[in-house]
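run39.txt follows; it contains compact mmCIF, N, CA and C atoms.
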# COMPACT_ATOMS: atom_id res chain seq x y z
N MET S 30 101.37 95.01 94.83
CA MET S 30 101.19 96.22 95.61
C MET S 30 100.31 97.22 94.85
N VAL S 31 100.62 97.44 93.57
CA VAL S 31 99.86 98.39 92.77
C VAL S 31 98.40 97.95 92.69
N THR S 32 98.16 96.66 92.48
CA THR S 32 96.80 96.15 92.40
C THR S 32 96.05 96.39 93.70
N THR S 33 96.73 96.19 94.83
CA THR S 33 96.12 96.43 96.14
C THR S 33 95.76 97.89 96.31
N VAL S 34 96.68 98.78 95.92
CA VAL S 34 96.43 100.22 96.01
C VAL S 34 95.23 100.59 95.15
N LYS S 35 95.20 100.10 93.92
CA LYS S 35 94.09 100.42 93.02
C LYS S 35 92.78 99.87 93.55
N SER S 36 92.81 98.67 94.10
CA SER S 36 91.61 98.05 94.63
C SER S 36 91.07 98.83 95.83
N THR S 37 91.95 99.20 96.74
CA THR S 37 91.55 99.98 97.91
C THR S 37 91.03 101.35 97.50
N LEU S 38 91.71 101.99 96.56
CA LEU S 38 91.28 103.29 96.05
C LEU S 38 89.92 103.17 95.37
N ALA S 39 89.75 102.14 94.54
CA ALA S 39 88.48 101.95 93.83
C ALA S 39 87.33 101.77 94.82
N GLU S 40 87.56 101.03 95.89
CA GLU S 40 86.51 100.84 96.90
C GLU S 40 86.14 102.17 97.56
N ALA S 41 87.13 102.97 97.92
CA ALA S 41 86.88 104.27 98.54
C ALA S 41 86.13 105.19 97.57
N LEU S 42 86.54 105.17 96.30
CA LEU S 42 85.90 106.03 95.30
C LEU S 42 84.46 105.60 95.04
N GLN S 43 84.22 104.30 94.98
CA GLN S 43 82.86 103.81 94.75
C GLN S 43 81.93 104.24 95.87
N LEU S 44 82.38 104.12 97.09
CA LEU S 44 81.57 104.54 98.23
C LEU S 44 81.31 106.04 98.19
N TYR S 45 82.35 106.82 97.94
CA TYR S 45 82.21 108.28 97.90
C TYR S 45 81.29 108.72 96.76
N PHE S 46 81.55 108.24 95.54
CA PHE S 46 80.81 108.73 94.38
C PHE S 46 79.36 108.24 94.34
N SER S 47 79.02 107.23 95.11
CA SER S 47 77.62 106.77 95.14
C SER S 47 76.69 107.86 95.68
N GLN S 48 77.25 108.85 96.37
CA GLN S 48 76.46 109.94 96.94
C GLN S 48 76.66 111.27 96.20
N GLN S 49 77.28 111.22 95.01
CA GLN S 49 77.62 112.44 94.28
C GLN S 49 76.89 112.51 92.94
N PRO S 50 76.77 113.73 92.37
CA PRO S 50 76.08 113.89 91.09
C PRO S 50 76.97 113.53 89.90
N VAL S 51 77.33 112.25 89.82
CA VAL S 51 78.19 111.77 88.73
C VAL S 51 77.58 110.52 88.11
N VAL S 52 77.98 110.27 86.86
CA VAL S 52 77.52 109.09 86.14
C VAL S 52 78.62 108.04 86.08
N ARG S 53 79.83 108.46 85.70
CA ARG S 53 80.99 107.56 85.59
C ARG S 53 82.24 108.29 86.06
N VAL S 54 83.18 107.48 86.58
CA VAL S 54 84.47 108.02 87.00
C VAL S 54 85.56 107.06 86.54
N TYR S 55 86.59 107.64 85.92
CA TYR S 55 87.73 106.86 85.45
C TYR S 55 89.00 107.34 86.14
N LEU S 56 89.86 106.41 86.49
CA LEU S 56 91.20 106.70 86.95
C LEU S 56 92.10 106.70 85.72
N PHE S 57 92.99 107.68 85.62
CA PHE S 57 93.95 107.68 84.51
C PHE S 57 95.27 108.25 85.01
N GLY S 58 96.25 108.30 84.14
CA GLY S 58 97.55 108.86 84.54
C GLY S 58 98.46 107.81 85.14
N SER S 59 99.45 108.27 85.88
CA SER S 59 100.51 107.39 86.38
C SER S 59 99.97 106.27 87.27
N LEU S 60 98.99 106.55 88.09
CA LEU S 60 98.44 105.50 88.97
C LEU S 60 97.75 104.41 88.15
N ALA S 61 97.02 104.80 87.14
CA ALA S 61 96.34 103.82 86.27
C ALA S 61 97.35 102.96 85.52
N ARG S 62 98.49 103.55 85.17
CA ARG S 62 99.52 102.81 84.44
C ARG S 62 100.45 102.02 85.35
N GLY S 63 100.33 102.20 86.67
CA GLY S 63 101.23 101.53 87.60
C GLY S 63 102.59 102.18 87.66
N GLU S 64 102.67 103.45 87.31
CA GLU S 64 103.94 104.17 87.28
C GLU S 64 104.01 105.28 88.34
N GLU S 65 103.13 105.21 89.34
CA GLU S 65 103.09 106.26 90.34
C GLU S 65 104.30 106.23 91.26
N ASN S 66 104.56 107.38 91.87
CA ASN S 66 105.60 107.48 92.89
C ASN S 66 105.02 108.27 94.06
N GLU S 67 105.82 108.54 95.06
CA GLU S 67 105.30 109.20 96.26
C GLU S 67 104.77 110.61 95.99
N ASP S 68 105.18 111.22 94.89
CA ASP S 68 104.72 112.57 94.55
C ASP S 68 103.54 112.58 93.57
N SER S 69 103.10 111.42 93.15
CA SER S 69 102.02 111.34 92.16
C SER S 69 100.69 111.78 92.76
N ASP S 70 99.88 112.41 91.92
CA ASP S 70 98.53 112.75 92.33
C ASP S 70 97.58 111.68 91.78
N ILE S 71 96.31 111.83 92.09
CA ILE S 71 95.29 110.92 91.60
C ILE S 71 94.51 111.67 90.52
N ASP S 72 94.54 111.16 89.30
CA ASP S 72 93.87 111.80 88.17
C ASP S 72 92.55 111.09 87.91
N LEU S 73 91.46 111.86 87.96
CA LEU S 73 90.14 111.30 87.74
C LEU S 73 89.42 112.04 86.62
N LEU S 74 88.88 111.27 85.69
CA LEU S 74 88.03 111.81 84.64
C LEU S 74 86.59 111.51 85.06
N VAL S 75 85.79 112.56 85.20
CA VAL S 75 84.45 112.40 85.76
C VAL S 75 83.39 112.84 84.75
N GLU S 76 82.43 111.96 84.52
CA GLU S 76 81.25 112.32 83.74
C GLU S 76 80.18 112.74 84.75
N PHE S 77 79.93 114.03 84.82
CA PHE S 77 78.98 114.55 85.79
C PHE S 77 77.55 114.33 85.32
N ALA S 78 76.66 114.18 86.28
CA ALA S 78 75.23 114.03 85.98
C ALA S 78 74.67 115.35 85.48
N LYS S 79 73.60 115.26 84.73
CA LYS S 79 72.92 116.47 84.26
C LYS S 79 72.54 117.32 85.47
N GLY S 80 72.81 118.60 85.39
CA GLY S 80 72.48 119.50 86.48
C GLY S 80 73.62 119.74 87.46
N ALA S 81 74.69 118.97 87.36
CA ALA S 81 75.85 119.20 88.24
C ALA S 81 76.48 120.54 87.87
N THR S 82 77.05 121.20 88.85
CA THR S 82 77.60 122.54 88.65
C THR S 82 79.12 122.54 88.80
N LEU S 83 79.73 123.67 88.46
CA LEU S 83 81.17 123.84 88.70
C LEU S 83 81.46 123.77 90.19
N PHE S 84 80.53 124.23 91.00
CA PHE S 84 80.69 124.12 92.45
C PHE S 84 80.78 122.66 92.87
N ASP S 85 79.96 121.80 92.26
CA ASP S 85 80.02 120.36 92.56
C ASP S 85 81.40 119.81 92.23
N GLN S 86 81.94 120.20 91.08
CA GLN S 86 83.26 119.71 90.67
C GLN S 86 84.32 120.16 91.67
N ALA S 87 84.30 121.41 92.06
CA ALA S 87 85.28 121.92 93.01
C ALA S 87 85.13 121.25 94.37
N ARG S 88 83.90 121.08 94.82
CA ARG S 88 83.64 120.44 96.10
C ARG S 88 84.13 119.00 96.11
N ILE S 89 83.87 118.28 95.04
CA ILE S 89 84.30 116.89 94.94
C ILE S 89 85.82 116.81 95.00
N SER S 90 86.49 117.67 94.27
CA SER S 90 87.96 117.69 94.29
C SER S 90 88.48 117.93 95.71
N TRP S 91 87.92 118.93 96.37
CA TRP S 91 88.36 119.26 97.73
C TRP S 91 88.06 118.13 98.70
N GLN S 92 86.86 117.56 98.63
CA GLN S 92 86.49 116.48 99.55
C GLN S 92 87.35 115.24 99.34
N LEU S 93 87.66 114.93 98.08
CA LEU S 93 88.50 113.76 97.82
C LEU S 93 89.91 113.95 98.36
N GLU S 94 90.44 115.15 98.23
CA GLU S 94 91.78 115.40 98.78
C GLU S 94 91.77 115.24 100.30
N GLU S 95 90.71 115.67 100.94
CA GLU S 95 90.58 115.49 102.39
C GLU S 95 90.46 114.01 102.74
N LEU S 96 89.62 113.30 102.01
CA LEU S 96 89.36 111.88 102.27
C LEU S 96 90.60 111.01 102.02
N LEU S 97 91.28 111.27 100.91
CA LEU S 97 92.40 110.42 100.49
C LEU S 97 93.75 110.93 100.96
N THR S 98 93.78 112.13 101.53
CA THR S 98 95.02 112.80 101.97
C THR S 98 96.09 112.78 100.88
N GLN S 99 95.66 113.10 99.69
CA GLN S 99 96.54 113.13 98.52
C GLN S 99 95.98 114.13 97.52
N LYS S 100 96.83 114.70 96.70
CA LYS S 100 96.39 115.62 95.66
C LYS S 100 95.53 114.86 94.65
N VAL S 101 94.38 115.44 94.31
CA VAL S 101 93.46 114.82 93.36
C VAL S 101 93.13 115.84 92.27
N ASP S 102 93.28 115.43 91.02
CA ASP S 102 92.88 116.25 89.89
C ASP S 102 91.59 115.67 89.32
N VAL S 103 90.52 116.46 89.39
CA VAL S 103 89.23 116.04 88.85
C VAL S 103 89.01 116.80 87.55
N ILE S 104 88.88 116.04 86.47
CA ILE S 104 88.67 116.63 85.15
C ILE S 104 87.31 116.20 84.65
N SER S 105 86.53 117.16 84.21
CA SER S 105 85.20 116.87 83.68
C SER S 105 85.32 116.26 82.29
N GLU S 106 84.56 115.20 82.07
CA GLU S 106 84.53 114.53 80.76
C GLU S 106 84.23 115.53 79.65
N SER S 107 83.34 116.46 79.90
CA SER S 107 82.94 117.42 78.88
C SER S 107 83.99 118.50 78.64
N GLY S 108 84.97 118.60 79.52
CA GLY S 108 85.97 119.66 79.39
C GLY S 108 87.33 119.20 78.90
N VAL S 109 87.44 117.96 78.47
CA VAL S 109 88.73 117.43 78.03
C VAL S 109 89.07 117.97 76.64
N ALA S 110 90.24 118.55 76.52
CA ALA S 110 90.70 119.06 75.23
C ALA S 110 90.96 117.89 74.27
N PRO S 111 90.57 118.04 73.02
CA PRO S 111 90.78 116.96 72.04
C PRO S 111 92.24 116.53 71.92
N THR S 112 93.15 117.43 72.17
CA THR S 112 94.57 117.09 72.04
C THR S 112 95.06 116.14 73.13
N ILE S 113 94.41 116.15 74.30
CA ILE S 113 94.86 115.23 75.35
C ILE S 113 93.95 114.02 75.51
N ARG S 114 92.81 114.01 74.83
CA ARG S 114 91.87 112.89 74.93
C ARG S 114 92.53 111.54 74.66
N PRO S 115 93.35 111.38 73.61
CA PRO S 115 93.95 110.07 73.36
C PRO S 115 94.84 109.59 74.51
N PHE S 116 95.52 110.49 75.18
CA PHE S 116 96.40 110.12 76.28
C PHE S 116 95.60 109.64 77.49
N ILE S 117 94.46 110.25 77.71
CA ILE S 117 93.59 109.82 78.81
C ILE S 117 92.95 108.48 78.47
N ASP S 118 92.45 108.36 77.25
CA ASP S 118 91.73 107.15 76.85
C ASP S 118 92.61 105.91 76.84
N GLN S 119 93.89 106.06 76.58
CA GLN S 119 94.74 104.87 76.45
C GLN S 119 94.98 104.15 77.77
N ASP S 120 94.84 104.85 78.91
CA ASP S 120 95.10 104.14 80.16
C ASP S 120 94.01 104.31 81.21
N ARG S 121 92.85 104.80 80.82
CA ARG S 121 91.81 105.02 81.82
C ARG S 121 91.20 103.69 82.29
N ILE S 122 90.82 103.70 83.56
CA ILE S 122 90.22 102.53 84.20
C ILE S 122 88.91 102.98 84.84
N LEU S 123 87.82 102.34 84.50
CA LEU S 123 86.53 102.67 85.10
C LEU S 123 86.55 102.26 86.57
N VAL S 124 86.30 103.22 87.46
CA VAL S 124 86.28 102.92 88.90
C VAL S 124 84.89 103.13 89.52
N TYR S 125 84.00 103.79 88.79
CA TYR S 125 82.64 103.97 89.31
C TYR S 125 81.68 104.20 88.15
N GLU S 126 80.50 103.59 88.26
CA GLU S 126 79.42 103.82 87.30
C GLU S 126 78.10 103.65 88.02
N LYS S 127 77.20 104.63 87.85
CA LYS S 127 75.86 104.54 88.47
C LYS S 127 75.01 103.57 87.69
In structure tokens, what does this structure look like?
Amino acid sequence: MVTTVKSTLAEALQLYFSQQPVVRVYLFGSLARGEENEDSDIDLLVEFAKGATLFDQARISWQLEELLTQKVDVISESGVAPTIRPFIDQDRILVYEK
């Protein structure tokens, strides 16, 4: 079941991000670890393309929540605090790359 959910989500994300100013997108958190529940959100680490703005980040977050009908946390690769980087890196899964 988890693999099916991840596969379906990855397909939706690949289609969506192919039209966005991003370079790479990783899934991390409970969904990436297979520990999600009905209240879990979708955690995405995004490497934005050069020239992308904070407006792009906010728009992407909002559009993904509309598309997936679920809470989505979009975190910029450049904005990750060093203290939480190891926790993200240990379970991240590449879901999109240009």
#### Entry: One-decimal distance in Å that lies between CA of Phe77 (chain S) and CA of Trp91 (chain S)
15.9 Å
### Test item: residues at most 8 Å from region 102-115 of chain S, only N, CA and C atoms, excluding those fewer than 2 positions along its chain, as number ranges by chain
S: 70-77, 86-87, 89-91, 94, 99-100, 117-120
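The coordinates place atom N of Lys127 (chain S) at 6.7 Å from atom N of Val54 (chain S).
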### Summary
Counting only C-alpha atoms, closest pick from S:Leu93, S:Phe116, S:Arg88, S:Lys35 relative to Leu60 (chain S) is S:Lys35
### Query
Among chain S, which residues carry a DSSP assignment of alpha helix (DSSP H), reported as a ChimeraX atom specification?
/S:31-46,59-62,83-97,114-118
Name the residues, using the chain letters and numbers of the file, that sit within 8 Å of (71.5, 112.2, 89.5) when counting only N, CA and C atoms, and give them as a PDB file with N, CA and C atoms, in the coordinates of the input.
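Done, and the output landed in out_7.pdb:
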ATOM      1  N   GLN S  49      77.280 111.220  95.010  1.00  0.00           N
ATOM      2  CA  GLN S  49      77.620 112.440  94.280  1.00  0.00           C
ATOM      3  C   GLN S  49      76.890 112.510  92.940  1.00  0.00           C
ATOM      4  N   PRO S  50      76.770 113.730  92.370  1.00  0.00           N
ATOM      5  CA  PRO S  50      76.080 113.890  91.090  1.00  0.00           C
ATOM      6  C   PRO S  50      76.970 113.530  89.900  1.00  0.00           C
ATOM      7  N   VAL S  51      77.330 112.250  89.820  1.00  0.00           N
ATOM      8  CA  VAL S  51      78.190 111.770  88.730  1.00  0.00           C
ATOM      9  C   VAL S  51      77.580 110.520  88.110  1.00  0.00           C
ATOM     10  N   VAL S  52      77.980 110.270  86.860  1.00  0.00           N
ATOM     11  CA  VAL S  52      77.520 109.090  86.140  1.00  0.00           C
ATOM     12  C   VAL S  52      78.620 108.040  86.080  1.00  0.00           C
ATOM     13  N   PHE S  77      79.930 114.030  84.820  1.00  0.00           N
ATOM     14  CA  PHE S  77      78.980 114.550  85.790  1.00  0.00           C
ATOM     15  C   PHE S  77      77.550 114.330  85.320  1.00  0.00           C
ATOM     16  N   ALA S  78      76.660 114.180  86.280  1.00  0.00           N
ATOM     17  CA  ALA S  78      75.230 114.030  85.980  1.00  0.00           C
ATOM     18  C   ALA S  78      74.670 115.350  85.480  1.00  0.00           C
ATOM     19  N   LYS S  79      73.600 115.260  84.730  1.00  0.00           N
ATOM     20  CA  LYS S  79      72.920 116.470  84.260  1.00  0.00           C
ATOM     21  C   LYS S  79      72.540 117.320  85.470  1.00  0.00           C
ATOM     22  N   GLY S  80      72.810 118.600  85.390  1.00  0.00           N
ATOM     23  CA  GLY S  80      72.480 119.500  86.480  1.00  0.00           C
ATOM     24  C   GLY S  80      73.620 119.740  87.460  1.00  0.00           C
ATOM     25  N   ALA S  81      74.690 118.970  87.360  1.00  0.00           N
ATOM     26  CA  ALA S  81      75.850 119.200  88.240  1.00  0.00           C
ATOM     27  C   ALA S  81      76.480 120.540  87.870  1.00  0.00           C
TER      28      ALA S  81
END
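Between atom C of Glu65 (chain S) and atom N of Leu96 (chain S) the interatomic distance comes to 19.5 Å.
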Assign secondary structure with DSSP using the backbone only, and return the residues of chain S in strand (DSSP E or B) as a CSV table (one decimal) with N, CA and C atoms, in the coordinates of the input.
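The new file result_17.csv reads:
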chain,number,residue,atom,x,y,z
S,51,VAL,N,77.3,112.2,89.8
S,51,VAL,CA,78.2,111.8,88.7
S,51,VAL,C,77.6,110.5,88.1
S,52,VAL,N,78.0,110.3,86.9
S,52,VAL,CA,77.5,109.1,86.1
S,52,VAL,C,78.6,108.0,86.1
S,53,ARG,N,79.8,108.5,85.7
S,53,ARG,CA,81.0,107.6,85.6
S,53,ARG,C,82.2,108.3,86.1
S,54,VAL,N,83.2,107.5,86.6
S,54,VAL,CA,84.5,108.0,87.0
S,54,VAL,C,85.6,107.1,86.5
S,55,TYR,N,86.6,107.6,85.9
S,55,TYR,CA,87.7,106.9,85.4
S,55,TYR,C,89.0,107.3,86.1
S,56,LEU,N,89.9,106.4,86.5
S,56,LEU,CA,91.2,106.7,87.0
S,56,LEU,C,92.1,106.7,85.7
S,57,PHE,N,93.0,107.7,85.6
S,57,PHE,CA,94.0,107.7,84.5
S,57,PHE,C,95.3,108.2,85.0
S,71,ILE,N,96.3,111.8,92.1
S,71,ILE,CA,95.3,110.9,91.6
S,71,ILE,C,94.5,111.7,90.5
S,72,ASP,N,94.5,111.2,89.3
S,72,ASP,CA,93.9,111.8,88.2
S,72,ASP,C,92.6,111.1,87.9
S,73,LEU,N,91.5,111.9,88.0
S,73,LEU,CA,90.1,111.3,87.7
S,73,LEU,C,89.4,112.0,86.6
S,74,LEU,N,88.9,111.3,85.7
S,74,LEU,CA,88.0,111.8,84.6
S,74,LEU,C,86.6,111.5,85.1
S,75,VAL,N,85.8,112.6,85.2
S,75,VAL,CA,84.4,112.4,85.8
S,75,VAL,C,83.4,112.8,84.8
S,76,GLU,N,82.4,112.0,84.5
S,76,GLU,CA,81.2,112.3,83.7
S,76,GLU,C,80.2,112.7,84.8
S,77,PHE,N,79.9,114.0,84.8
S,77,PHE,CA,79.0,114.6,85.8
S,77,PHE,C,77.6,114.3,85.3
S,101,VAL,N,94.4,115.4,94.3
S,101,VAL,CA,93.5,114.8,93.4
S,101,VAL,C,93.1,115.8,92.3
S,102,ASP,N,93.3,115.4,91.0
S,102,ASP,CA,92.9,116.2,89.9
S,102,ASP,C,91.6,115.7,89.3
S,103,VAL,N,90.5,116.5,89.4
S,103,VAL,CA,89.2,116.0,88.8
S,103,VAL,C,89.0,116.8,87.6
S,104,ILE,N,88.9,116.0,86.5
S,104,ILE,CA,88.7,116.6,85.2
S,104,ILE,C,87.3,116.2,84.6
S,105,SER,N,86.5,117.2,84.2
S,105,SER,CA,85.2,116.9,83.7
S,105,SER,C,85.3,116.3,82.3
S,122,ILE,N,90.8,103.7,83.6
S,122,ILE,CA,90.2,102.5,84.2
S,122,ILE,C,88.9,103.0,84.8
S,123,LEU,N,87.8,102.3,84.5
S,123,LEU,CA,86.5,102.7,85.1
S,123,LEU,C,86.6,102.3,86.6
S,124,VAL,N,86.3,103.2,87.5
S,124,VAL,CA,86.3,102.9,88.9
S,124,VAL,C,84.9,103.1,89.5
S,125,TYR,N,84.0,103.8,88.8
S,125,TYR,CA,82.6,104.0,89.3
S,125,TYR,C,81.7,104.2,88.2
S,126,GLU,N,80.5,103.6,88.3
S,126,GLU,CA,79.4,103.8,87.3
S,126,GLU,C,78.1,103.6,88.0
Report as lines of an AutoDock Vina configuration file the centre and the edge lengths, in Å to one decimal, of the axis-aligned box holding every listed atom of region 35-40 of chain S, padded by 6 Å on each side.
center_x = 90.7
center_y = 100.7
center_z = 95.5
size_x = 21.1
size_y = 17.2
size_z = 16.9
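Checking S:Leu83, S:Ile122, S:Ala39, S:Val101 one by one against Tyr55 (chain S), counting only C-alpha atoms, you find the shortest gap at S:Ile122.
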